[in-house]
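A.B. asks: Structure file structure_27.cif (mmCIF, C-alpha atoms) right here:
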data_structure
loop_
_atom_site.label_atom_id
_atom_site.label_comp_id
_atom_site.auth_asym_id
_atom_site.auth_seq_id
_atom_site.Cartn_x
_atom_site.Cartn_y
_atom_site.Cartn_z
CA ILE A 963 -26.45 20.56 -26.77
CA LEU A 964 -29.59 18.91 -28.13
CA VAL A 965 -27.72 16.15 -29.99
CA PHE A 966 -24.85 15.37 -27.63
CA ILE A 967 -26.23 16.22 -24.16
CA ALA A 968 -30.00 16.67 -23.91
CA GLY A 969 -30.73 14.10 -26.61
CA SER A 970 -28.46 11.53 -25.02
CA MET A 971 -30.02 12.10 -21.60
CA ILE A 972 -33.53 11.65 -22.98
CA ALA A 973 -32.42 8.47 -24.76
CA SER A 974 -30.87 7.12 -21.55
CA VAL A 975 -34.15 7.71 -19.69
CA TYR A 976 -35.93 5.53 -22.23
CA LEU A 977 -33.16 2.92 -22.22
CA SER A 978 -33.29 2.65 -18.42
CA PHE A 979 -36.76 1.08 -18.83
CA THR A 980 -35.55 -1.44 -21.39
CA GLN A 981 -33.25 -4.42 -21.75
CA TRP A 982 -30.75 -3.78 -24.56
CA ASP A 983 -27.59 -5.68 -25.46
CA LEU A 984 -26.39 -3.08 -28.04
CA LEU A 985 -27.07 -5.54 -30.88
CA GLY A 986 -30.81 -6.10 -31.12
CA ALA A 987 -33.71 -3.74 -30.54
CA PRO A 988 -34.36 -2.48 -26.97
CA GLU A 989 -37.02 -4.54 -25.17
CA TRP A 990 -39.35 -2.69 -22.78
CA VAL A 991 -39.15 -4.10 -19.24
CA GLY A 992 -40.70 -1.25 -17.26
CA LEU A 993 -39.30 -0.77 -13.77
CA ASP A 994 -37.40 -4.07 -13.68
CA ASN A 995 -33.97 -2.39 -13.88
CA TYR A 996 -34.80 -0.09 -10.99
CA ARG A 997 -36.22 -2.96 -8.94
CA TYR A 998 -33.02 -4.92 -9.44
CA LEU A 999 -31.04 -1.86 -8.32
CA THR A 1000 -32.55 -2.18 -4.86
CA ILE A 1001 -31.37 -5.77 -4.38
CA ASP A 1002 -28.08 -5.72 -6.32
CA PRO A 1003 -25.31 -6.05 -3.68
CA LEU A 1004 -22.72 -4.57 -6.05
CA VAL A 1005 -24.71 -1.34 -6.27
CA ARG A 1006 -24.49 -0.94 -2.50
CA GLN A 1007 -20.78 -1.82 -2.59
CA ALA A 1008 -20.10 0.68 -5.38
CA LEU A 1009 -21.99 3.44 -3.59
CA LYS A 1010 -20.15 2.66 -0.36
CA VAL A 1011 -16.70 2.66 -1.97
CA THR A 1012 -17.39 5.84 -3.94
CA THR A 1013 -18.77 7.67 -0.89
CA ILE A 1014 -15.82 6.69 1.32
CA TYR A 1015 -13.39 7.81 -1.36
CA ALA A 1016 -15.14 11.17 -1.80
CA GLY A 1017 -15.41 11.70 1.95
CA LEU A 1018 -11.68 11.16 2.43
CA SER A 1019 -10.18 12.65 -0.72
CA VAL A 1020 -12.14 15.90 -1.12
CA PRO A 1021 -11.41 17.43 2.34
CA LEU A 1022 -7.73 16.44 2.08
CA ASN A 1023 -7.51 17.87 -1.44
CA LEU A 1024 -9.05 21.15 -0.23
CA ALA A 1025 -6.71 21.39 2.76
CA VAL A 1026 -3.58 20.68 0.70
CA GLY A 1027 -4.72 22.97 -2.11
CA LEU A 1028 -5.35 25.86 0.28
CA PHE A 1029 -2.05 25.27 2.07
CA LEU A 1030 -0.14 25.33 -1.24
CA ALA A 1031 -2.03 28.43 -2.37
CA ILE A 1032 -1.10 30.30 0.81
CA LEU A 1033 2.56 29.30 0.35
CA LEU A 1034 2.57 30.29 -3.32
CA ASN A 1035 0.90 33.61 -2.59
CA GLN A 1036 4.16 34.87 -1.06
CA LYS A 1037 6.82 36.89 -2.84
CA ILE A 1038 9.57 34.31 -3.35
CA ARG A 1039 12.09 33.65 -6.11
CA GLY A 1040 10.93 31.28 -8.86
CA LEU A 1041 7.26 31.63 -7.92
CA SER A 1042 5.95 30.97 -11.46
CA LEU A 1043 7.98 27.76 -11.68
CA TYR A 1044 6.60 26.45 -8.37
CA ARG A 1045 3.03 27.26 -9.39
CA THR A 1046 3.50 25.42 -12.69
CA VAL A 1047 5.06 22.36 -11.04
CA TYR A 1048 2.23 22.02 -8.52
CA TYR A 1049 -0.45 22.57 -11.15
CA LEU A 1050 0.86 20.10 -13.76
CA PRO A 1051 -0.38 16.87 -12.04
CA SER A 1052 -3.99 18.09 -12.15
CA ILE A 1053 -3.96 18.42 -15.97
CA SER A 1054 -1.89 15.34 -16.82
CA SER A 1055 -3.48 12.44 -18.70
CA GLY A 1056 -5.44 10.17 -16.36
CA VAL A 1057 -4.13 7.02 -18.04
CA ALA A 1058 -0.49 8.16 -17.93
CA VAL A 1059 -0.83 9.21 -14.28
CA SER A 1060 -2.40 5.85 -13.40
CA ILE A 1061 0.48 3.96 -15.03
CA LEU A 1062 2.96 6.17 -13.15
CA TRP A 1063 1.27 5.43 -9.82
CA LEU A 1064 1.14 1.71 -10.61
CA TRP A 1065 4.93 1.86 -10.53
CA ILE A 1066 5.01 4.02 -7.39
CA PHE A 1067 2.60 1.69 -5.54
CA ASN A 1068 4.22 -1.57 -6.69
CA SER A 1069 4.60 -3.75 -3.59
CA ASP A 1070 7.89 -5.32 -4.76
CA PHE A 1071 9.93 -2.50 -6.31
CA GLY A 1072 7.74 0.59 -5.98
CA VAL A 1073 9.21 3.96 -5.06
CA LEU A 1074 6.86 4.49 -2.12
CA ASN A 1075 7.71 1.17 -0.46
CA GLY A 1076 11.39 1.91 -1.09
CA ILE A 1077 11.06 5.16 0.88
CA LEU A 1078 9.11 3.46 3.68
CA ALA A 1079 11.72 0.70 3.90
CA ARG A 1080 14.32 3.29 4.92
CA PHE A 1081 12.21 3.92 8.02
CA GLY A 1082 11.69 0.23 8.72
CA ILE A 1083 8.11 0.20 7.42
CA GLY A 1084 6.55 -2.18 4.95
CA PRO A 1085 6.30 -3.49 2.42
CA VAL A 1086 2.72 -2.26 2.01
CA ASN A 1087 0.41 -3.91 -0.52
CA TRP A 1088 -1.08 -0.63 -1.70
CA LEU A 1089 -3.25 -1.96 -4.53
CA THR A 1090 -3.76 -5.59 -3.52
CA ASP A 1091 -4.85 -5.09 0.11
CA PRO A 1092 -8.60 -4.31 0.39
CA ASN A 1093 -7.87 -2.08 3.41
CA MET A 1094 -5.26 0.02 1.58
CA VAL A 1095 -6.54 0.38 -1.97
CA ILE A 1096 -8.89 3.31 -1.25
CA ILE A 1097 -6.13 5.07 0.70
CA SER A 1098 -3.91 4.67 -2.37
CA PHE A 1099 -6.47 6.42 -4.56
CA VAL A 1100 -6.84 9.17 -1.95
CA ILE A 1101 -3.06 9.75 -2.02
CA MET A 1102 -3.22 10.03 -5.80
CA ASN A 1103 -6.00 12.60 -5.58
CA VAL A 1104 -4.14 14.71 -3.01
CA TRP A 1105 -1.06 14.65 -5.26
CA ALA A 1106 -3.21 16.36 -7.92
CA ALA A 1107 -4.33 19.20 -5.64
CA GLY A 1108 -3.01 21.77 -8.12
CA GLY A 1109 -6.44 22.36 -9.64
CA SER A 1110 -8.00 23.53 -6.39
CA MET A 1111 -4.75 25.32 -5.51
CA LEU A 1112 -5.02 27.52 -8.61
CA ILE A 1113 -8.59 28.58 -7.76
CA PHE A 1114 -7.62 29.20 -4.12
CA LEU A 1115 -4.70 31.30 -5.34
CA ALA A 1116 -7.03 33.45 -7.42
CA GLY A 1117 -9.28 33.88 -4.37
CA LEU A 1118 -6.35 34.85 -2.13
CA GLN A 1119 -5.20 37.47 -4.59
CA GLY A 1120 -8.68 38.99 -4.51
CA ILE A 1121 -8.50 39.75 -0.78
CA PRO A 1122 -7.70 43.46 -0.21
CA THR A 1123 -4.27 43.95 1.38
CA GLU A 1124 -5.69 46.75 3.55
CA LEU A 1125 -7.51 44.16 5.64
CA TYR A 1126 -4.25 42.38 6.47
CA GLU A 1127 -2.57 45.70 7.21
CA ALA A 1128 -5.39 46.72 9.53
CA ALA A 1129 -5.20 43.36 11.31
CA GLU A 1130 -1.43 43.76 11.77
CA VAL A 1131 -1.97 47.22 13.24
CA ASP A 1132 -4.41 45.65 15.71
CA GLY A 1133 -1.67 43.18 16.71
CA ALA A 1134 -3.01 40.09 14.93
CA ASN A 1135 -0.36 37.45 14.25
CA TRP A 1136 -0.25 35.19 11.17
CA TRP A 1137 -2.58 32.56 12.69
CA ILE A 1138 -5.23 35.08 13.71
CA ARG A 1139 -5.07 36.77 10.30
CA LEU A 1140 -5.63 33.35 8.71
CA TRP A 1141 -8.70 32.55 10.84
CA ARG A 1142 -10.24 36.04 11.05
CA VAL A 1143 -9.46 37.44 7.60
CA THR A 1144 -8.36 34.81 5.07
CA LEU A 1145 -10.76 31.92 5.72
CA PRO A 1146 -13.97 34.01 6.10
CA LEU A 1147 -13.28 35.86 2.85
CA MET A 1148 -12.28 32.61 1.12
CA SER A 1149 -15.48 30.77 2.12
CA PRO A 1150 -17.19 31.17 -1.30
CA VAL A 1151 -14.06 29.82 -3.03
CA ILE A 1152 -13.82 26.94 -0.55
CA PHE A 1153 -17.48 26.11 -1.18
CA PHE A 1154 -16.96 26.20 -4.95
CA ASN A 1155 -13.96 23.86 -4.71
CA LEU A 1156 -15.93 21.59 -2.36
CA VAL A 1157 -18.84 21.22 -4.78
CA THR A 1158 -16.71 20.70 -7.89
CA GLY A 1159 -14.40 18.36 -5.96
CA LEU A 1160 -17.33 16.19 -4.84
CA ILE A 1161 -18.70 16.03 -8.40
CA ARG A 1162 -15.31 14.85 -9.68
CA ALA A 1163 -14.75 12.39 -6.83
CA LEU A 1164 -18.14 10.73 -7.26
CA GLN A 1165 -17.33 10.14 -10.93
CA ILE A 1166 -13.87 8.59 -10.44
CA PHE A 1167 -13.25 5.95 -13.11
CA THR A 1168 -9.91 5.98 -14.93
CA GLN A 1169 -7.70 5.15 -11.94
CA SER A 1170 -9.66 2.09 -10.86
CA TYR A 1171 -10.16 0.89 -14.45
CA ILE A 1172 -6.44 1.05 -15.24
CA MET A 1173 -4.94 0.11 -11.88
CA THR A 1174 -7.22 -2.39 -10.14
CA GLY A 1175 -10.24 -3.21 -12.31
CA GLY A 1176 -12.38 -2.82 -9.20
CA GLY A 1177 -10.38 -5.30 -7.10
CA PRO A 1178 -9.31 -6.73 -4.84
CA HIS A 1179 -12.68 -8.28 -3.91
CA ASN A 1180 -14.59 -5.24 -5.25
CA SER A 1181 -12.90 -2.98 -2.69
CA SER A 1182 -12.23 -0.40 -5.42
CA LEU A 1183 -15.41 -0.95 -7.43
CA PHE A 1184 -16.37 2.68 -7.93
CA PHE A 1185 -19.86 3.45 -9.19
CA VAL A 1186 -18.85 4.64 -12.66
CA LEU A 1187 -16.65 1.58 -13.10
CA TYR A 1188 -19.59 -0.70 -12.25
CA LEU A 1189 -21.75 1.29 -14.67
CA TYR A 1190 -19.09 0.85 -17.38
CA LYS A 1191 -18.82 -2.89 -16.75
CA ASN A 1192 -22.57 -3.33 -17.14
CA ALA A 1193 -22.65 -1.29 -20.35
CA PHE A 1194 -19.55 -2.47 -22.21
CA GLU A 1195 -18.55 -5.78 -20.61
CA PHE A 1196 -21.93 -7.33 -19.73
CA PHE A 1197 -23.72 -5.52 -22.63
CA ASP A 1198 -26.66 -4.57 -20.42
CA MET A 1199 -27.14 -0.99 -21.57
CA GLY A 1200 -30.61 -0.72 -20.02
CA TYR A 1201 -29.34 -1.49 -16.53
CA ALA A 1202 -26.32 0.75 -17.06
CA SER A 1203 -28.65 3.62 -17.99
CA ALA A 1204 -30.60 3.07 -14.78
CA LEU A 1205 -27.31 3.15 -12.85
CA ALA A 1206 -26.41 6.40 -14.59
CA TRP A 1207 -29.59 8.06 -13.39
CA VAL A 1208 -29.01 6.84 -9.84
CA LEU A 1209 -25.54 8.45 -9.98
CA PHE A 1210 -27.04 11.62 -11.45
CA ALA A 1211 -29.51 11.85 -8.56
CA TYR A 1212 -26.77 11.13 -6.01
CA ILE A 1213 -24.46 13.83 -7.37
CA LEU A 1214 -27.33 16.32 -7.65
#
Take the structure from the file and write it as C-alpha coordinates.
C.D. replies:
Amino acid sequence: ILVFIAGSMIASVYLSFTQWDLLGAPEWVGLDNYRYLTIDPLVRQALKVTTIYAGLSVPLNLAVGLFLAILLNQKIRGLSLYRTVYYLPSISSGVAVSILWLWIFNSDFGVLNGILARFGIGPVNWLTDPNMVIISFVIMNVWAAGGSMLIFLAGLQGIPTELYEAAEVDGANWWIRLWRVTLPLMSPVIFFNLVTGLIRALQIFTQSYIMTGGGPHNSSLFFVLYLYKNAFEFFDMGYASALAWVLFAYIL
(Lines of atoms letter the chains of each structure in order from A and count residues from 1; the text may use other names and numbers.)
(Lines give C-alpha, C1' and ligand atoms only; values in the text may rest on other atoms or scores of the structure.)
Protein backbone atom coordinates (compact mmCIF):
# COMPACT_ATOMS: atom_id res chain seq x y z
CA ILE A 1 0.00 0.00 0.00
CA LEU A 2 2.79 2.42 0.91
CA VAL A 3 4.80 1.80 -2.27
CA PHE A 4 2.08 1.41 -4.90
CA ILE A 5 -0.82 3.51 -3.56
CA ALA A 6 0.02 5.95 -0.75
CA GLY A 7 3.53 6.60 -2.03
CA SER A 8 2.31 7.25 -5.56
CA MET A 9 -0.39 9.61 -4.30
CA ILE A 10 2.11 11.59 -2.24
CA ALA A 11 4.44 11.77 -5.25
CA SER A 12 1.60 13.00 -7.48
CA VAL A 13 0.82 15.78 -4.99
CA TYR A 14 4.39 17.00 -5.30
CA LEU A 15 4.42 16.59 -9.08
CA SER A 16 1.22 18.63 -9.42
CA PHE A 17 3.25 21.67 -8.29
CA THR A 18 6.00 21.04 -10.83
CA GLN A 19 6.63 20.97 -14.55
CA TRP A 20 8.07 17.59 -15.55
CA ASP A 21 8.51 16.06 -19.00
CA LEU A 22 9.47 12.58 -17.68
CA LEU A 23 13.05 13.06 -18.91
CA GLY A 24 14.67 15.81 -16.85
CA ALA A 25 14.25 16.74 -13.21
CA PRO A 26 10.89 18.17 -12.05
CA GLU A 27 10.89 21.99 -11.95
CA TRP A 28 8.88 23.66 -9.17
CA VAL A 29 6.21 26.00 -10.58
CA GLY A 30 3.97 26.40 -7.53
CA LEU A 31 0.28 26.83 -8.31
CA ASP A 32 0.76 27.43 -12.05
CA ASN A 33 -0.76 24.07 -13.03
CA TYR A 34 -3.85 24.71 -10.93
CA ARG A 35 -4.18 28.26 -12.28
CA TYR A 36 -4.08 26.94 -15.82
CA LEU A 37 -6.78 24.41 -14.91
CA THR A 38 -9.22 27.26 -14.35
CA ILE A 39 -8.75 28.69 -17.86
CA ASP A 40 -8.12 25.51 -19.87
CA PRO A 41 -11.22 25.07 -22.10
CA LEU A 42 -10.49 21.35 -22.56
CA VAL A 43 -10.80 20.79 -18.81
CA ARG A 44 -14.33 22.21 -18.88
CA GLN A 45 -15.12 20.14 -21.98
CA ALA A 46 -13.78 16.95 -20.39
CA LEU A 47 -15.73 17.54 -17.18
CA LYS A 48 -18.88 18.27 -19.18
CA VAL A 49 -18.57 15.15 -21.35
CA THR A 50 -17.75 12.91 -18.39
CA THR A 51 -20.63 14.27 -16.30
CA ILE A 52 -23.17 13.87 -19.11
CA TYR A 53 -22.00 10.31 -19.70
CA ALA A 54 -22.24 9.42 -16.00
CA GLY A 55 -25.64 11.09 -15.66
CA LEU A 56 -27.07 9.07 -18.55
CA SER A 57 -25.31 5.73 -18.23
CA VAL A 58 -25.48 5.06 -14.48
CA PRO A 59 -29.29 5.34 -14.03
CA LEU A 60 -29.89 3.27 -17.17
CA ASN A 61 -27.39 0.65 -16.03
CA LEU A 62 -29.10 0.45 -12.64
CA ALA A 63 -32.57 0.14 -14.18
CA VAL A 64 -31.52 -2.57 -16.65
CA GLY A 65 -29.50 -4.41 -14.01
CA LEU A 66 -32.42 -4.46 -11.57
CA PHE A 67 -34.84 -5.53 -14.30
CA LEU A 68 -32.57 -8.43 -15.31
CA ALA A 69 -32.07 -9.42 -11.67
CA ILE A 70 -35.82 -9.58 -11.08
CA LEU A 71 -36.24 -11.73 -14.21
CA LEU A 72 -33.37 -14.04 -13.25
CA ASN A 73 -34.65 -14.41 -9.70
CA GLN A 74 -37.49 -16.60 -11.01
CA LYS A 75 -37.50 -20.38 -11.13
CA ILE A 76 -37.02 -21.05 -14.85
CA ARG A 77 -35.18 -23.71 -16.84
CA GLY A 78 -31.55 -22.90 -17.68
CA LEU A 79 -31.32 -20.15 -15.06
CA SER A 80 -27.55 -20.58 -14.47
CA LEU A 81 -26.88 -20.27 -18.21
CA TYR A 82 -28.88 -17.02 -18.48
CA ARG A 83 -27.12 -15.54 -15.46
CA THR A 84 -23.72 -16.40 -16.95
CA VAL A 85 -24.59 -14.96 -20.37
CA TYR A 86 -25.77 -11.64 -18.91
CA TYR A 87 -22.79 -11.39 -16.57
CA LEU A 88 -20.05 -12.13 -19.14
CA PRO A 89 -20.01 -8.67 -20.83
CA SER A 90 -19.19 -6.95 -17.54
CA ILE A 91 -15.96 -8.96 -17.08
CA SER A 92 -14.79 -9.05 -20.71
CA SER A 93 -11.60 -7.24 -21.71
CA GLY A 94 -12.22 -3.53 -22.27
CA VAL A 95 -10.05 -3.46 -25.39
CA ALA A 96 -11.72 -6.52 -26.94
CA VAL A 97 -15.19 -5.14 -26.16
CA SER A 98 -14.27 -1.77 -27.68
CA ILE A 99 -13.10 -3.45 -30.90
CA LEU A 100 -16.33 -5.48 -31.00
CA TRP A 101 -18.45 -2.34 -30.64
CA LEU A 102 -16.39 -0.55 -33.29
CA TRP A 103 -17.74 -3.16 -35.69
CA ILE A 104 -21.28 -2.94 -34.31
CA PHE A 105 -21.31 0.88 -34.58
CA ASN A 106 -19.66 1.06 -38.02
CA SER A 107 -21.73 3.49 -40.09
CA ASP A 108 -21.21 1.58 -43.37
CA PHE A 109 -21.50 -2.12 -42.51
CA GLY A 110 -22.19 -2.20 -38.76
CA VAL A 111 -24.67 -4.65 -37.26
CA LEU A 112 -26.68 -1.96 -35.50
CA ASN A 113 -27.23 0.11 -38.64
CA GLY A 114 -28.12 -3.10 -40.47
CA ILE A 115 -30.90 -3.76 -37.94
CA LEU A 116 -32.13 -0.16 -38.10
CA ALA A 117 -32.18 -0.28 -41.90
CA ARG A 118 -34.83 -3.02 -41.74
CA PHE A 119 -37.10 -0.46 -40.07
CA GLY A 120 -36.24 2.28 -42.53
CA ILE A 121 -33.94 4.12 -40.12
CA GLY A 122 -30.42 5.35 -40.72
CA PRO A 123 -27.65 5.04 -41.38
CA VAL A 124 -26.58 6.59 -38.08
CA ASN A 125 -23.03 7.88 -37.64
CA TRP A 126 -22.67 6.50 -34.12
CA LEU A 127 -19.02 7.38 -33.52
CA THR A 128 -18.46 10.23 -35.96
CA ASP A 129 -21.47 12.41 -35.10
CA PRO A 130 -20.79 14.67 -32.06
CA ASN A 131 -24.46 14.35 -31.05
CA MET A 132 -24.44 10.54 -31.09
CA VAL A 133 -21.04 9.53 -29.75
CA ILE A 134 -21.95 9.82 -26.05
CA ILE A 135 -25.17 7.89 -26.67
CA SER A 136 -23.05 5.15 -28.25
CA PHE A 137 -20.92 4.86 -25.11
CA VAL A 138 -24.07 4.82 -22.96
CA ILE A 139 -25.43 1.90 -25.02
CA MET A 140 -22.16 0.05 -24.47
CA ASN A 141 -22.37 0.61 -20.73
CA VAL A 142 -25.97 -0.62 -20.53
CA TRP A 143 -24.96 -3.75 -22.47
CA ALA A 144 -22.54 -4.50 -19.61
CA ALA A 145 -25.19 -4.25 -16.87
CA GLY A 146 -24.34 -7.75 -15.67
CA GLY A 147 -22.12 -6.47 -12.87
CA SER A 148 -24.88 -4.52 -11.17
CA MET A 149 -27.33 -7.32 -12.02
CA LEU A 150 -25.30 -9.84 -10.00
CA ILE A 151 -25.28 -7.60 -6.91
CA PHE A 152 -29.00 -6.88 -7.31
CA LEU A 153 -29.62 -10.62 -7.58
CA ALA A 154 -27.80 -11.22 -4.31
CA GLY A 155 -29.91 -8.48 -2.69
CA LEU A 156 -33.16 -9.95 -4.03
CA GLN A 157 -32.30 -13.37 -2.67
CA GLY A 158 -31.78 -11.82 0.76
CA ILE A 159 -35.39 -10.59 0.98
CA PRO A 160 -37.46 -12.94 3.20
CA THR A 161 -40.13 -14.79 1.21
CA GLU A 162 -42.57 -14.36 4.12
CA LEU A 163 -42.90 -10.68 3.24
CA TYR A 164 -44.06 -11.51 -0.28
CA GLU A 165 -46.42 -14.16 1.04
CA ALA A 166 -47.91 -11.71 3.53
CA ALA A 167 -48.34 -9.12 0.78
CA GLU A 168 -50.11 -11.68 -1.43
CA VAL A 169 -52.45 -12.55 1.43
CA ASP A 170 -53.28 -8.84 1.71
CA GLY A 171 -54.16 -8.84 -2.01
CA ALA A 172 -51.07 -7.06 -3.33
CA ASN A 173 -50.40 -7.70 -7.02
CA TRP A 174 -46.93 -7.98 -8.60
CA TRP A 175 -46.58 -4.20 -9.13
CA ILE A 176 -47.51 -3.32 -5.55
CA ARG A 177 -45.16 -5.99 -4.19
CA LEU A 178 -42.38 -4.46 -6.28
CA TRP A 179 -42.98 -0.91 -4.98
CA ARG A 180 -43.90 -1.72 -1.37
CA VAL A 181 -41.62 -4.67 -0.62
CA THR A 182 -38.82 -5.14 -3.17
CA LEU A 183 -37.60 -1.59 -3.80
CA PRO A 184 -37.64 -0.40 -0.14
CA LEU A 185 -35.66 -3.44 0.99
CA MET A 186 -33.32 -3.13 -1.99
CA SER A 187 -32.51 0.55 -1.33
CA PRO A 188 -29.10 -0.14 0.31
CA VAL A 189 -28.11 -2.33 -2.66
CA ILE A 190 -29.34 0.30 -5.13
CA PHE A 191 -27.32 2.95 -3.30
CA PHE A 192 -24.20 0.75 -3.35
CA ASN A 193 -24.55 0.14 -7.10
CA LEU A 194 -25.18 3.87 -7.64
CA VAL A 195 -21.98 4.90 -5.85
CA THR A 196 -19.76 2.27 -7.46
CA GLY A 197 -21.37 2.92 -10.86
CA LEU A 198 -20.64 6.66 -10.61
CA ILE A 199 -17.02 5.98 -9.62
CA ARG A 200 -16.57 3.73 -12.65
CA ALA A 201 -18.38 6.08 -15.04
CA LEU A 202 -16.32 9.12 -14.03
CA GLN A 203 -13.15 7.15 -14.79
CA ILE A 204 -14.14 5.89 -18.25
CA PHE A 205 -11.07 5.69 -20.48
CA THR A 206 -10.55 2.54 -22.55
CA GLN A 207 -13.60 2.91 -24.81
CA SER A 208 -12.83 6.47 -25.88
CA TYR A 209 -9.09 5.77 -26.22
CA ILE A 210 -9.66 2.78 -28.51
CA MET A 211 -12.76 3.89 -30.41
CA THR A 212 -12.66 7.65 -30.89
CA GLY A 213 -9.50 9.13 -29.38
CA GLY A 214 -11.67 11.85 -27.86
CA GLY A 215 -13.28 12.88 -31.17
CA PRO A 216 -15.11 14.02 -33.08
CA HIS A 217 -14.29 17.61 -32.08
CA ASN A 218 -13.57 16.58 -28.46
CA SER A 219 -17.17 15.38 -28.04
CA SER A 220 -15.90 12.18 -26.38
CA LEU A 221 -12.92 13.71 -24.57
CA PHE A 222 -13.45 12.09 -21.19
CA PHE A 223 -11.50 13.44 -18.24
CA VAL A 224 -9.19 10.43 -17.79
CA LEU A 225 -8.44 10.44 -21.52
CA TYR A 226 -7.43 14.12 -21.34
CA LEU A 227 -5.31 13.32 -18.28
CA TYR A 228 -3.63 10.47 -20.19
CA LYS A 229 -2.95 12.68 -23.21
CA ASN A 230 -1.24 15.29 -21.05
CA ALA A 231 0.88 12.69 -19.28
CA PHE A 232 1.93 10.36 -22.09
CA GLU A 233 1.38 12.29 -25.32
CA PHE A 234 2.24 15.86 -24.31
CA PHE A 235 4.72 14.69 -21.60
CA ASP A 236 3.39 17.21 -19.09
CA MET A 237 3.29 14.99 -16.02
CA GLY A 238 2.95 17.93 -13.62
CA TYR A 239 -0.25 19.16 -15.25
CA ALA A 240 -1.54 15.60 -15.53
CA SER A 241 -1.00 15.13 -11.79
CA ALA A 242 -3.00 18.30 -11.10
CA LEU A 243 -5.78 16.93 -13.33
CA ALA A 244 -5.69 13.68 -11.39
CA TRP A 245 -6.31 15.47 -8.11
CA VAL A 246 -9.18 17.45 -9.63
CA LEU A 247 -10.74 14.12 -10.69
CA PHE A 248 -10.09 12.67 -7.24
CA ALA A 249 -11.92 15.60 -5.61
CA TYR A 250 -14.78 15.34 -8.12
CA ILE A 251 -15.29 11.63 -7.53
CA LEU A 252 -15.00 12.05 -3.76
A.B. asks: Given the file shown, enumerate the residues that the PyMOL selection byres ((chain A and resi 1012) around 8) captures and present them as a list in words.
C.D. replies: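 Those residues are Ala1008, Leu1009, Lys1010, Val1011, Thr1013, Ile1014, Tyr1015, Ala1016, Ala1163, Leu1164, Ile1166, Leu1183, Phe1184 and Phe1185 of chain A.
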A.B. asks: Translate the PyMOL selection byres ((chain A and resi 1168) around 12) into a concrete residue list for this structure, as an MDAnalysis selection string.
C.D. replies: chainID A and resid 1055:1061 1099 1162:1163 1165:1167 1169:1176 1182:1187 1190
A.B. asks: Residues as selected, C-alpha atoms, written as a short mmCIF file (atom, residue, chain, number, x, y, z; two decimals), in the frame of the given file, can you do that?
C.D. replies:
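part.cif, freshly written:
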data_model
loop_
_atom_site.label_atom_id
_atom_site.label_comp_id
_atom_site.auth_asym_id
_atom_site.auth_seq_id
_atom_site.Cartn_x
_atom_site.Cartn_y
_atom_site.Cartn_z
CA SER A 1055 -3.48 12.44 -18.70
CA GLY A 1056 -5.44 10.17 -16.36
CA VAL A 1057 -4.13 7.02 -18.04
CA ALA A 1058 -0.49 8.16 -17.93
CA VAL A 1059 -0.83 9.21 -14.28
CA SER A 1060 -2.40 5.85 -13.40
CA ILE A 1061 0.48 3.96 -15.03
CA PHE A 1099 -6.47 6.42 -4.56
CA ARG A 1162 -15.31 14.85 -9.68
CA ALA A 1163 -14.75 12.39 -6.83
CA GLN A 1165 -17.33 10.14 -10.93
CA ILE A 1166 -13.87 8.59 -10.44
CA PHE A 1167 -13.25 5.95 -13.11
CA GLN A 1169 -7.70 5.15 -11.94
CA SER A 1170 -9.66 2.09 -10.86
CA TYR A 1171 -10.16 0.89 -14.45
CA ILE A 1172 -6.44 1.05 -15.24
CA MET A 1173 -4.94 0.11 -11.88
CA THR A 1174 -7.22 -2.39 -10.14
CA GLY A 1175 -10.24 -3.21 -12.31
CA GLY A 1176 -12.38 -2.82 -9.20
CA SER A 1182 -12.23 -0.40 -5.42
CA LEU A 1183 -15.41 -0.95 -7.43
CA PHE A 1184 -16.37 2.68 -7.93
CA PHE A 1185 -19.86 3.45 -9.19
CA VAL A 1186 -18.85 4.64 -12.66
CA LEU A 1187 -16.65 1.58 -13.10
CA TYR A 1190 -19.09 0.85 -17.38
#
A.B. asks: Please evaluate the PyMOL selection byres ((chain A and resi 1053) around 12) against the displayed coordinates and give the resulting residues as JSON, numbers by chain.
C.D. replies: {"A": [1046, 1047, 1048, 1049, 1050, 1051, 1052, 1054, 1055, 1056, 1057, 1058, 1059, 1105, 1106, 1107, 1108, 1109, 1110, 1112]}
A.B. asks: Just to confirm, what's the straight-line distance from atom CA of Asp1091 of chain A to atom CA of Pro1178 of chain A in Å (one decimal)?
C.D. replies: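 Atom CA of Pro1178 of chain A lies at a distance of 6.9 Å from atom CA of Asp1091 of chain A.
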A.B. asks: Which of these residues is nearest to Asp1198 of chain A, using all atoms listed in the file: A:Leu984, A:Ala1025, A:Ala1134, A:Leu964?
C.D. replies: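 Result for the nearest residue to Asp1198 of chain A: A:Leu984.
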